[in-house]
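Peer 1: Right, I'll just put the structure down here and ask away after.
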Amino acid sequence: MIAFDAGKTSRAALLAAAFALAVGGNAALAQANAPAPETTHAMHARSAHGGDPLMGALLRLHTQLALNSSQQVQWDNAVAQSKDARAQAASLRQNAKAAYDAELAKDQPDLAAVAATADAARSQGGELQRSVRNAWLGVYANLAPGQKMMVRDALRERAADMADIRAAHHKRG
């Protein structure tokens, strides 16, 4: 007969939950700050931009928008801010993982400390994401009416593509 130790099982469940919180909780942050795509495939663009449709549309349309020099400066600043945010997000994830590993090395890990570290990383990641979004909103705000129409059309196309994907998914499921 197999002996069941409730204490060990509970500890294992708590550690698994802490790991999911510390590492998995930062998955959205990692996804939101992934590198810009090299392709225009809708699903790749969506995942690479954390689901931010404006940023994805702008990046896909960059050459077609034919930006003037002041728009290009603002664009370059938004790209630089995006890259900086990705680097900061990677650091946040590494710090959360290091805190998690340090706690697990202890005889009695402080899971509340792991959760607090993960929460702080998510909060800081959210601030980074909002900052990047605002930079891209600034780029959009300074586009000419014709350029904005191009972005609008790309956003409409993406919305229709996503509706088609959802419909196909619901038919299968």
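Just remember, in the structure tokens the first chain shown is A, the second B, etc., residues are 1-based per chain, and ligands are 1-based in the order shown.
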Excluding Leu137 of chain A and residues on its chain fewer than 3 positions from it, collect all residues at most 12 Å away from it, counting only C-alpha atoms, and give them as a list in words.
Peer 2: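 Those residues are Asp52, Pro53, Leu54, Met55, Gly56, Ala57, Leu58, Gln74, Trp75, Ala78, Arg130, Ser131, Val132, Arg133, Asn134, Tyr140, Ala141, Asn142, Leu143, Lys148 and Val151 of chain A.
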Peer 1: If you count only C-alpha atoms, which residues fall within 8 Å of Leu65 of chain A, apart from same-chain ones fewer than 2 positions away, as a PyMOL selection string?
Peer 2: chain A and resi 61-63+67+147+150
Peer 1: Atom CA of Asp110 of chain A to atom CA of Arg86 of chain A: how many Å, to one decimal?
Peer 2: 28.6 Å
Peer 1: Hey, which of A:Ala167, A:Ala120, A:Val139, A:Ala144 ends up closest to Gln72 of chain A? Count only C-alpha atoms.
Peer 2: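 Of the candidates, the smallest distance to Gln72 of chain A is held by A:Val139.
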Peer 1: Which distance in Å separates atom CA of Ala135 of chain A and atom CA of Ala89 of chain A, to one decimal?
Peer 2: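 These atoms are spaced 16.8 Å apart.
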Peer 1: Name all residues at most 12 Å from Asp84 of chain A (count only C-alpha atoms; drop same-chain ones fewer than 3 positions away) and give them as an mmCIF file with N, CA, C and O atoms, in the first residue's frame.
Peer 2:
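Output file result_24.cif follows:
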data_model
loop_
_atom_site.group_PDB
_atom_site.id
_atom_site.type_symbol
_atom_site.label_atom_id
_atom_site.label_comp_id
_atom_site.auth_asym_id
_atom_site.auth_seq_id
_atom_site.Cartn_x
_atom_site.Cartn_y
_atom_site.Cartn_z
ATOM 1 N N ASN A 33 6.516 42.423 -24.326
ATOM 2 C CA ASN A 33 7.766 43.098 -24.637
ATOM 3 C C ASN A 33 8.675 42.255 -25.516
ATOM 4 O O ASN A 33 9.878 42.443 -25.524
ATOM 5 N N ALA A 34 8.102 41.341 -26.260
ATOM 6 C CA ALA A 34 8.865 40.528 -27.195
ATOM 7 C C ALA A 34 9.325 41.391 -28.368
ATOM 8 O O ALA A 34 8.760 42.440 -28.639
ATOM 9 N N PRO A 35 10.350 40.947 -29.096
ATOM 10 C CA PRO A 35 10.834 41.742 -30.226
ATOM 11 C C PRO A 35 9.785 41.925 -31.308
ATOM 12 O O PRO A 35 8.887 41.101 -31.467
ATOM 13 N N ASN A 77 11.954 57.507 -31.714
ATOM 14 C CA ASN A 77 11.888 57.583 -30.249
ATOM 15 C C ASN A 77 10.979 56.492 -29.683
ATOM 16 O O ASN A 77 11.295 55.892 -28.648
ATOM 17 N N ALA A 78 9.862 56.225 -30.349
ATOM 18 C CA ALA A 78 8.951 55.168 -29.883
ATOM 19 C C ALA A 78 9.608 53.798 -30.003
ATOM 20 O O ALA A 78 9.466 52.950 -29.113
ATOM 21 N N VAL A 79 10.341 53.577 -31.085
ATOM 22 C CA VAL A 79 11.052 52.305 -31.249
ATOM 23 C C VAL A 79 12.096 52.150 -30.147
ATOM 24 O O VAL A 79 12.204 51.085 -29.523
ATOM 25 N N ALA A 80 12.864 53.215 -29.885
ATOM 26 C CA ALA A 80 13.885 53.162 -28.831
ATOM 27 C C ALA A 80 13.248 52.904 -27.472
ATOM 28 O O ALA A 80 13.768 52.106 -26.677
ATOM 29 N N GLN A 81 12.132 53.556 -27.210
ATOM 30 C CA GLN A 81 11.442 53.353 -25.934
ATOM 31 C C GLN A 81 10.943 51.909 -25.830
ATOM 32 O O GLN A 81 11.005 51.305 -24.765
ATOM 33 N N ALA A 87 14.050 45.488 -22.629
ATOM 34 C CA ALA A 87 15.225 45.176 -21.811
ATOM 35 C C ALA A 87 14.883 45.263 -20.320
ATOM 36 O O ALA A 87 15.297 44.402 -19.534
ATOM 37 N N GLN A 88 14.138 46.290 -19.938
ATOM 38 C CA GLN A 88 13.738 46.432 -18.534
ATOM 39 C C GLN A 88 12.837 45.272 -18.111
ATOM 40 O O GLN A 88 12.957 44.757 -16.990
ATOM 41 N N ALA A 89 11.941 44.861 -18.999
ATOM 42 C CA ALA A 89 11.044 43.748 -18.682
ATOM 43 C C ALA A 89 11.831 42.454 -18.507
ATOM 44 O O ALA A 89 11.531 41.654 -17.619
ATOM 45 N N ALA A 90 12.840 42.247 -19.337
ATOM 46 C CA ALA A 90 13.680 41.054 -19.194
ATOM 47 C C ALA A 90 14.376 41.065 -17.834
ATOM 48 O O ALA A 90 14.463 40.037 -17.158
ATOM 49 N N SER A 91 14.843 42.219 -17.416
ATOM 50 C CA SER A 91 15.488 42.347 -16.115
ATOM 51 C C SER A 91 14.496 42.053 -14.988
ATOM 52 O O SER A 91 14.838 41.364 -14.009
ATOM 53 N N GLY A 125 5.955 46.143 -14.983
ATOM 54 C CA GLY A 125 5.780 45.777 -16.387
ATOM 55 C C GLY A 125 4.570 46.467 -16.998
ATOM 56 O O GLY A 125 4.613 46.907 -18.147
ATOM 57 N N LEU A 128 5.542 49.990 -17.769
ATOM 58 C CA LEU A 128 6.362 50.020 -18.990
ATOM 59 C C LEU A 128 5.483 49.888 -20.232
ATOM 60 O O LEU A 128 5.656 50.607 -21.213
ATOM 61 N N GLN A 129 4.535 48.966 -20.165
ATOM 62 C CA GLN A 129 3.648 48.728 -21.301
ATOM 63 C C GLN A 129 2.810 49.964 -21.613
ATOM 64 O O GLN A 129 2.648 50.340 -22.774
ATOM 65 N N SER A 131 3.595 53.051 -20.920
ATOM 66 C CA SER A 131 4.508 54.067 -21.434
ATOM 67 C C SER A 131 4.794 53.857 -22.920
ATOM 68 O O SER A 131 4.779 54.806 -23.710
ATOM 69 N N VAL A 132 5.021 52.618 -23.306
ATOM 70 C CA VAL A 132 5.265 52.302 -24.721
ATOM 71 C C VAL A 132 4.008 52.568 -25.540
ATOM 72 O O VAL A 132 4.067 53.174 -26.616
#
Peer 1: Enter the distance from atom CA of Glu157 of chain A to atom CA of Trp136 of chain A, in Å, rounded to one decimal.
Peer 2: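 These atoms are spaced 19.3 Å apart.
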Peer 1: Which of these, A:Ala105, A:Ile165, A:Ala96, A:Ala85, has the shortest distance to Arg122 of chain A once you count only C-alpha atoms?
Peer 2: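 Of A:Ala105, A:Ile165, A:Ala96, A:Ala85, the one nearest Arg122 of chain A is A:Ala96, counting only C-alpha atoms.
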Peer 1: Nearest to Gly126 of chain A among A:Leu92, A:Leu111, A:Leu155, A:Ala98, with distances taken over only C-alpha atoms: which residue is it?
Peer 2: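 Looking at the shortest contact to Gly126 of chain A, the residue is A:Leu92.
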